[in-house]
file entry_2.txt (compact mmCIF, C-alpha atoms)
# COMPACT_ATOMS: atom_id res chain seq x y z
CA ASP A 1 -66.38 10.17 84.80
CA GLY A 2 -63.86 10.17 87.61
CA GLY A 3 -64.53 8.03 90.61
CA ILE A 4 -63.98 4.88 92.60
CA THR A 5 -65.46 1.58 91.55
CA GLN A 6 -65.79 -1.58 93.58
CA SER A 7 -66.79 -4.95 92.28
CA PRO A 8 -68.73 -7.03 92.74
CA LYS A 9 -71.55 -5.33 94.62
CA TYR A 10 -72.58 -8.60 96.28
CA LEU A 11 -70.29 -11.55 96.89
CA PHE A 12 -70.97 -14.93 98.41
CA ARG A 13 -68.26 -17.20 99.66
CA LYS A 14 -68.12 -20.64 101.17
CA GLU A 15 -66.25 -21.08 104.40
CA GLY A 16 -62.60 -21.87 103.86
CA GLN A 17 -62.33 -20.02 100.55
CA ASN A 18 -60.26 -16.94 99.82
CA VAL A 19 -61.97 -14.15 97.92
CA THR A 20 -60.66 -10.94 96.35
CA LEU A 21 -62.55 -7.65 96.30
CA SER A 22 -61.70 -5.18 93.57
CA CYS A 23 -61.17 -1.44 94.02
CA GLU A 24 -60.21 0.88 91.16
CA GLN A 25 -59.93 4.68 91.05
CA ASN A 26 -59.27 7.04 88.18
CA LEU A 27 -58.89 10.15 90.33
CA ASN A 28 -55.10 9.99 90.29
CA HIS A 29 -55.14 9.79 94.09
CA ASP A 30 -52.04 8.69 95.91
CA ALA A 31 -53.61 7.07 98.96
CA MET A 32 -56.14 4.23 99.11
CA TYR A 33 -57.91 2.54 102.01
CA TRP A 34 -60.02 -0.47 102.88
CA TYR A 35 -62.63 -0.35 105.62
CA ARG A 36 -64.98 -2.89 107.07
CA GLN A 37 -68.43 -1.81 108.25
CA ASP A 38 -70.57 -3.84 110.63
CA PRO A 39 -73.94 -2.70 111.98
CA GLY A 40 -73.55 -0.31 114.89
CA GLN A 41 -69.76 -0.35 114.73
CA GLY A 42 -68.97 2.33 112.22
CA LEU A 43 -65.95 1.98 109.96
CA ARG A 44 -62.85 0.05 110.90
CA LEU A 45 -59.64 0.41 108.92
CA ILE A 46 -58.21 -2.81 107.48
CA TYR A 47 -55.28 -1.68 105.33
CA TYR A 48 -54.13 1.50 103.67
CA SER A 49 -51.58 2.47 101.07
CA GLN A 50 -49.98 5.86 100.68
CA ILE A 51 -48.01 5.07 97.55
CA VAL A 52 -47.57 2.36 94.96
CA ASN A 53 -45.82 -0.80 96.20
CA ASP A 54 -46.29 0.19 99.83
CA PHE A 55 -49.08 -0.46 102.32
CA GLN A 56 -49.65 -0.55 106.07
CA LYS A 57 -51.88 -2.51 108.40
CA GLY A 58 -54.84 -0.75 109.89
CA ASP A 59 -56.68 -1.67 113.06
CA ILE A 60 -58.10 -5.04 111.96
CA ALA A 61 -55.66 -6.45 109.36
CA GLU A 62 -55.66 -10.07 110.57
CA GLY A 63 -57.12 -12.41 107.97
CA TYR A 64 -56.78 -9.89 105.14
CA SER A 65 -54.12 -9.12 102.55
CA VAL A 66 -53.66 -6.37 99.96
CA SER A 67 -51.41 -5.34 97.10
CA ARG A 68 -50.71 -1.99 95.43
CA GLU A 69 -48.95 -2.74 92.16
CA LYS A 70 -50.65 0.10 90.33
CA LYS A 71 -51.67 3.55 91.52
CA GLU A 72 -55.27 3.07 90.47
CA SER A 73 -55.84 -0.38 91.96
CA PHE A 74 -55.92 -1.68 95.54
CA PRO A 75 -57.45 -5.17 95.73
CA LEU A 76 -58.33 -6.75 99.08
CA THR A 77 -58.17 -10.50 99.66
CA VAL A 78 -60.26 -11.93 102.45
CA THR A 79 -58.53 -15.13 103.43
CA SER A 80 -59.88 -18.22 105.16
CA ALA A 81 -58.07 -17.04 108.29
CA GLN A 82 -60.62 -14.26 108.74
CA LYS A 83 -63.01 -15.74 111.28
CA ASN A 84 -66.03 -13.55 110.68
CA PRO A 85 -65.78 -12.10 107.18
CA THR A 86 -69.46 -11.33 106.56
CA ALA A 87 -69.60 -7.53 106.36
CA PHE A 88 -69.86 -4.51 104.09
CA TYR A 89 -66.46 -3.54 102.67
CA LEU A 90 -65.69 0.00 101.60
CA CYS A 91 -62.75 1.24 99.58
CA ALA A 92 -61.66 4.88 99.65
CA SER A 93 -58.98 7.10 98.19
CA SER A 94 -57.56 10.51 99.03
CA PRO A 95 -55.44 12.95 97.04
CA LYS A 96 -52.53 13.31 99.42
CA PRO A 97 -50.75 10.62 101.39
CA THR A 98 -49.57 12.92 104.15
CA GLY A 99 -49.75 16.49 105.26
CA THR A 100 -51.93 18.77 107.24
CA GLY A 101 -53.66 20.61 104.47
CA LEU A 102 -56.92 19.86 102.77
CA GLY A 103 -56.44 16.71 100.80
CA ASN A 104 -56.93 14.35 103.68
CA GLU A 105 -60.56 13.98 102.72
CA GLN A 106 -61.43 10.51 101.55
CA PHE A 107 -63.72 9.58 98.70
CA PHE A 108 -65.55 6.29 98.88
CA GLY A 109 -66.61 3.62 96.46
CA PRO A 110 -70.12 2.08 96.53
CA GLY A 111 -69.04 -0.91 98.64
CA THR A 112 -69.10 -4.69 98.37
CA ARG A 113 -71.31 -6.78 100.61
CA LEU A 114 -69.62 -10.09 101.39
CA THR A 115 -71.63 -12.96 102.81
CA VAL A 116 -70.08 -16.21 103.94
CA LEU A 117 -72.37 -19.19 103.52
CA GLY B 1 -55.12 8.62 120.50
CA GLU B 2 -58.19 9.17 118.44
CA ASP B 3 -61.73 8.47 119.50
CA VAL B 4 -64.81 9.95 117.89
CA GLU B 5 -68.19 9.60 119.56
CA GLN B 6 -71.64 10.11 118.16
CA SER B 7 -75.15 9.46 119.37
CA LEU B 8 -76.85 6.70 117.43
CA PHE B 9 -80.34 7.70 116.35
CA LEU B 10 -82.41 10.78 115.55
CA SER B 11 -85.90 11.11 114.12
CA VAL B 12 -87.12 14.42 112.73
CA ARG B 13 -90.21 15.64 110.92
CA GLU B 14 -89.87 16.80 107.33
CA GLY B 15 -89.29 20.55 107.22
CA ASP B 16 -87.83 20.75 110.72
CA SER B 17 -84.15 21.24 111.48
CA SER B 18 -82.02 18.34 112.62
CA VAL B 19 -78.83 18.57 114.64
CA ILE B 20 -76.26 15.80 114.85
CA ASN B 21 -73.50 15.96 117.42
CA CYS B 22 -70.03 14.52 117.62
CA THR B 23 -67.14 14.70 120.05
CA TYR B 24 -63.54 13.99 119.20
CA THR B 25 -60.37 13.62 121.19
CA ASP B 26 -57.39 14.56 119.04
CA SER B 27 -56.75 18.25 119.58
CA SER B 28 -54.21 18.27 116.74
CA SER B 29 -56.90 17.54 114.15
CA THR B 30 -56.86 20.32 111.58
CA TYR B 31 -59.81 19.23 109.48
CA LEU B 32 -63.06 17.62 110.56
CA TYR B 33 -65.49 16.07 108.13
CA TRP B 34 -69.11 15.08 107.82
CA TYR B 35 -70.07 12.14 105.62
CA LYS B 36 -73.49 10.83 104.61
CA GLN B 37 -74.28 7.17 103.92
CA GLU B 38 -77.53 6.17 102.28
CA PRO B 39 -78.70 2.55 102.63
CA GLY B 40 -76.44 0.07 100.87
CA ALA B 41 -74.14 2.76 99.51
CA GLY B 42 -70.70 4.19 100.16
CA LEU B 43 -69.97 7.35 102.12
CA GLN B 44 -70.47 10.71 100.48
CA LEU B 45 -68.42 13.68 101.67
CA LEU B 46 -70.89 16.38 102.73
CA THR B 47 -68.76 19.13 104.15
CA TYR B 48 -65.68 19.84 106.21
CA ILE B 49 -64.44 22.51 108.58
CA PHE B 50 -60.96 23.73 109.29
CA SER B 51 -60.05 23.82 112.95
CA ASN B 52 -59.47 27.58 113.04
CA MET B 53 -63.11 28.17 112.11
CA ASP B 54 -66.10 28.22 114.45
CA MET B 55 -68.79 27.86 111.84
CA LYS B 56 -69.23 26.98 108.23
CA GLN B 57 -72.44 27.24 106.23
CA ASP B 58 -73.06 25.40 103.00
CA GLN B 59 -76.63 25.75 101.69
CA ARG B 60 -78.85 23.84 104.15
CA LEU B 61 -75.87 22.58 106.15
CA THR B 62 -74.28 24.43 109.05
CA VAL B 63 -71.24 23.04 110.81
CA LEU B 64 -70.35 24.33 114.28
CA LEU B 65 -67.02 23.63 115.91
CA ASN B 66 -66.24 24.16 119.58
CA LYS B 67 -62.55 23.42 119.69
CA LYS B 68 -62.27 23.99 123.43
CA ASP B 69 -64.79 21.21 124.14
CA LYS B 70 -63.81 19.19 121.04
CA HIS B 71 -67.44 19.22 119.95
CA LEU B 72 -68.64 19.23 116.37
CA SER B 73 -72.23 19.52 115.17
CA LEU B 74 -74.06 19.40 111.87
CA ARG B 75 -77.35 21.22 111.48
CA ILE B 76 -79.56 20.39 108.51
CA ALA B 77 -82.17 23.05 107.84
CA ASP B 78 -85.54 22.20 106.28
CA THR B 79 -84.88 18.47 106.52
CA GLN B 80 -86.09 16.47 103.54
CA THR B 81 -86.91 12.76 103.18
CA GLY B 82 -83.76 12.44 101.08
CA ASP B 83 -81.76 13.39 104.16
CA SER B 84 -82.63 10.07 105.79
CA ALA B 85 -79.24 8.38 106.13
CA ILE B 86 -76.41 7.62 108.50
CA TYR B 87 -74.13 10.57 109.17
CA PHE B 88 -70.51 10.09 110.18
CA CYS B 89 -68.14 12.65 111.56
CA ALA B 90 -64.42 12.09 111.07
CA GLU B 91 -61.26 13.71 112.36
CA THR B 92 -57.83 13.73 110.81
CA VAL B 93 -55.22 11.62 112.51
CA TYR B 94 -51.55 12.33 112.18
CA TYR B 95 -48.62 10.27 113.16
CA GLY B 96 -46.68 10.47 109.91
CA ASN B 97 -49.53 9.17 107.85
CA ASN B 98 -52.87 10.27 106.53
CA ARG B 99 -55.80 8.64 108.27
CA LEU B 100 -59.29 9.56 109.32
CA ALA B 101 -60.91 8.35 112.51
CA PHE B 102 -64.65 7.90 112.09
CA GLY B 103 -67.43 7.96 114.65
CA LYS B 104 -69.92 5.10 114.71
CA GLY B 105 -72.48 7.13 112.85
CA ASN B 106 -75.80 8.74 113.64
CA GLN B 107 -78.88 7.41 111.88
CA VAL B 108 -81.34 10.13 110.90
CA VAL B 109 -84.88 9.16 109.99
CA VAL B 110 -87.04 11.85 108.42
CA ILE B 111 -90.77 11.41 109.00
CA PRO B 112 -92.95 12.80 106.18

call {"tool": "encode", "arguments": {"input": "entry_2.txt", "output": "structure tokens"}}
result
Amino acid sequence: DGGITQSPKYLFRKEGQNVTLSCEQNLNHDAMYWYRQDPGQGLRLIYYSQIVNDFQKGDIAEGYSVSREKKESFPLTVTSAQKNPTAFYLCASSPKPTGTGLGNEQFFGPGTRLTVL
Amino acid sequence: GEDVEQSLFLSVREGDSSVINCTYTDSSSTYLYWYKQEPGAGLQLLTYIFSNMDMKQDQRLTVLLNKKDKHLSLRIADTQTGDSAIYFCAETVYYGNNRLAFGKGNQVVVIP
């Protein structure tokens, strides 16, 4: 089955620890994204990548880091510099990195809920 | 700049129609999307509309686009309990990259 997987579904972290969230897709999509979702605030873009070995900061990149060494993988590290990391994290991918045609639609994984203890 | 606004909450009786509204700001958006999020899950793409269309119907879903007022709506006919979810509208954002700007979501609660 083609799709986007995120692991783990639930993650607990102690303050001061870095933690890495996994995102894998087998849709052969070029672009991948990380969002953070907090209650009542919708989705906020953390980082995105249009192509392998390249990525750009989104609106709330501080305290996060990413890598894109493979087309199918886009892991997100939540570092100890992120002051309020407890949230629901969503990964997405889309077929085309740029352009005005259909292909901008994004497909989402099931999410990872991170709780800092 | 992009800014997508949605009202926050709607309750509807099972079998009735529900209408969710959204306004957006980027007049260059060519595609607008509706996503559905069930509790604890990711977003599911429901439907989309191209900006040169006024209306699109897809089974129980009808999307209306008023480009002049930058207003988008989603009508769900014969609402079912499985339609209880948060609904997000999103517009395409261009500035040399491929991004979507999402509204804050509209929670729909279907009362049996």

call {"tool": "interface_residues", "arguments": {"input": "entry_2.txt", "of": "chain B", "to": "chain A", "cutoff": "12 Å", "atoms": "only C-alpha atoms", "output": "PyMOL selection string"}}
result
chain B and resi 3-9+28-51+86-107

call {"tool": "closest_residue", "arguments": {"input": "entry_2.txt", "among": "A:Phe55, A:Ala61, A:Ser73, A:Leu117", "to": "Ser7 (chain A)", "atoms": "all atoms listed in the file"}}
result
A:Ser73

call {"tool": "residues_around", "arguments": {"input": "entry_2.txt", "residues": "Gln82 (chain A)", "least_positions_apart": "6", "cutoff": "7 Å", "atoms": "only C-alpha atoms", "output": "ChimeraX atom specification"}}
result
/A:62-64

call {"tool": "atom_distance", "arguments": {"input": "entry_2.txt", "atom1": "CA of Val12 (chain B)", "atom2": "CA of Thr79 (chain B)"}}
result
7.7 Å

call {"tool": "atom_distance", "arguments": {"input": "entry_2.txt", "atom1": "CA of Ser67 (chain A)", "atom2": "CA of Ser80 (chain A)"}}
result
17.4 Å

call {"tool": "closest_residue", "arguments": {"input": "entry_2.txt", "among": "A:Ser93, A:Ile4, A:Cys23, A:Met32", "to": "Pro75 (chain A)", "atoms": "all atoms listed in the file"}}
result
A:Cys23

call {"tool": "atom_distance", "arguments": {"input": "entry_2.txt", "atom1": "CA of Ile20 (chain B)", "atom2": "CA of Val108 (chain B)"}}
result
8.6 Å

call {"tool": "residues_around", "arguments": {"input": "entry_2.txt", "residues": "Thr62 (chain B)", "least_positions_apart": "2", "cutoff": "12 Å", "atoms": "only C-alpha atoms", "output": "number ranges by chain"}}
result
B: 17-21, 34, 46-49, 54-60, 64-65, 72-78

call {"tool": "closest_residue", "arguments": {"input": "entry_2.txt", "among": "B:Ala85, B:Met53, B:Ser27, B:Leu10", "to": "Asp69 (chain B)", "atoms": "only C-alpha atoms"}}
result
B:Ser27

call {"tool": "residues_around", "arguments": {"input": "entry_2.txt", "residues": "Leu76 (chain A)", "least_positions_apart": "3", "cutoff": "9 Å", "atoms": "only C-alpha atoms", "output": "PyMOL selection string"}}
result
chain A and resi 19-23+34+47+64-67

call {"tool": "closest_residue", "arguments": {"input": "entry_2.txt", "among": "A:Thr79, A:Pro95, A:Phe74, A:Arg68", "to": "Gln6 (chain A)", "atoms": "only C-alpha atoms"}}
result
A:Phe74

call {"tool": "residues_around", "arguments": {"input": "entry_2.txt", "residues": "Thr81 (chain B)", "least_positions_apart": "6", "cutoff": "7 Å", "atoms": "only C-alpha atoms", "output": "list of chain:residue names"}}
result
B:Glu14, B:Val110, B:Pro112

call {"tool": "decode", "arguments": {"input": "entry_2.txt", "residues": "region 69-82 of chain A", "atoms": "all heavy atoms", "output": "short mmCIF file (atom, residue, chain, number, x, y, z; two decimals), in the first residue's frame"}}
result
data_model
loop_
_atom_site.label_atom_id
_atom_site.label_comp_id
_atom_site.auth_asym_id
_atom_site.auth_seq_id
_atom_site.Cartn_x
_atom_site.Cartn_y
_atom_site.Cartn_z
N GLU A 69 18.00 13.16 3.36
CA GLU A 69 19.07 12.40 2.68
C GLU A 69 18.50 11.44 1.65
O GLU A 69 19.21 11.04 0.72
CB GLU A 69 19.91 11.68 3.71
CG GLU A 69 20.65 12.63 4.66
CD GLU A 69 21.41 11.88 5.74
OE1 GLU A 69 21.39 10.64 5.74
OE2 GLU A 69 22.03 12.55 6.58
N LYS A 70 17.27 11.06 1.83
CA LYS A 70 16.59 10.16 0.90
C LYS A 70 15.25 10.75 0.52
O LYS A 70 14.61 11.43 1.32
CB LYS A 70 16.38 8.78 1.54
CG LYS A 70 17.65 8.06 1.91
CD LYS A 70 17.36 6.64 2.41
CE LYS A 70 16.59 6.66 3.70
NZ LYS A 70 16.36 5.26 4.21
N LYS A 71 14.79 10.45 -0.67
CA LYS A 71 13.53 11.00 -1.16
C LYS A 71 12.36 10.58 -0.28
O LYS A 71 11.44 11.35 -0.05
CB LYS A 71 13.28 10.54 -2.60
CG LYS A 71 12.08 11.18 -3.27
CD LYS A 71 12.00 10.74 -4.73
CE LYS A 71 10.88 11.48 -5.44
NZ LYS A 71 10.80 11.10 -6.87
N GLU A 72 12.41 9.37 0.24
CA GLU A 72 11.26 8.85 0.97
C GLU A 72 11.25 9.18 2.45
O GLU A 72 10.31 8.84 3.14
CB GLU A 72 11.20 7.33 0.78
CG GLU A 72 12.43 6.56 1.24
CD GLU A 72 13.46 6.40 0.15
OE1 GLU A 72 13.46 7.19 -0.82
OE2 GLU A 72 14.29 5.48 0.27
N SER A 73 12.30 9.84 2.96
CA SER A 73 12.40 10.03 4.39
C SER A 73 12.67 11.49 4.75
O SER A 73 13.53 12.14 4.13
CB SER A 73 13.53 9.14 4.92
OG SER A 73 13.71 9.31 6.31
N PHE A 74 11.99 11.98 5.79
CA PHE A 74 12.16 13.38 6.20
C PHE A 74 12.01 13.45 7.72
O PHE A 74 11.00 13.92 8.25
CB PHE A 74 11.10 14.24 5.49
CG PHE A 74 11.30 15.73 5.61
CD1 PHE A 74 12.55 16.31 5.51
CD2 PHE A 74 10.20 16.57 5.78
CE1 PHE A 74 12.72 17.68 5.58
CE2 PHE A 74 10.36 17.95 5.85
CZ PHE A 74 11.62 18.51 5.76
N PRO A 75 13.02 13.02 8.47
CA PRO A 75 12.91 13.02 9.93
C PRO A 75 13.01 14.42 10.54
O PRO A 75 13.74 15.27 10.03
CB PRO A 75 14.10 12.15 10.36
CG PRO A 75 15.07 12.25 9.23
CD PRO A 75 14.27 12.41 7.99
N LEU A 76 12.28 14.61 11.61
CA LEU A 76 12.26 15.89 12.34
C LEU A 76 12.84 15.68 13.73
O LEU A 76 12.39 14.78 14.45
CB LEU A 76 10.82 16.40 12.47
CG LEU A 76 10.60 17.63 13.35
CD1 LEU A 76 11.09 18.89 12.65
CD2 LEU A 76 9.12 17.78 13.71
N THR A 77 13.82 16.48 14.09
CA THR A 77 14.37 16.44 15.45
C THR A 77 13.87 17.63 16.22
O THR A 77 14.01 18.78 15.78
CB THR A 77 15.91 16.42 15.42
OG1 THR A 77 16.35 15.22 14.77
CG2 THR A 77 16.48 16.46 16.83
N VAL A 78 13.27 17.35 17.37
CA VAL A 78 12.84 18.40 18.28
C VAL A 78 13.95 18.56 19.31
O VAL A 78 14.25 17.63 20.06
CB VAL A 78 11.51 18.02 18.96
CG1 VAL A 78 11.01 19.17 19.83
CG2 VAL A 78 10.47 17.65 17.92
N THR A 79 14.60 19.67 19.31
CA THR A 79 15.76 19.84 20.17
C THR A 79 15.35 20.44 21.53
O THR A 79 14.22 20.92 21.70
CB THR A 79 16.81 20.75 19.52
OG1 THR A 79 16.34 22.11 19.57
CG2 THR A 79 17.07 20.34 18.08
N SER A 80 16.28 20.44 22.44
CA SER A 80 16.02 21.00 23.77
C SER A 80 15.82 22.51 23.71
O SER A 80 15.34 23.12 24.66
CB SER A 80 17.18 20.67 24.72
OG SER A 80 18.40 21.13 24.18
N ALA A 81 16.16 23.12 22.58
CA ALA A 81 15.96 24.57 22.43
C ALA A 81 14.51 24.93 22.15
O ALA A 81 14.14 26.10 22.27
CB ALA A 81 16.83 25.09 21.27
N GLN A 82 13.70 23.95 21.84
CA GLN A 82 12.27 24.21 21.60
C GLN A 82 11.59 24.34 22.96
O GLN A 82 11.52 23.39 23.73
CB GLN A 82 11.66 23.08 20.78
CG GLN A 82 10.14 23.09 20.64
CD GLN A 82 9.55 24.42 20.24
OE1 GLN A 82 8.70 24.97 20.93
NE2 GLN A 82 10.00 24.96 19.13
#
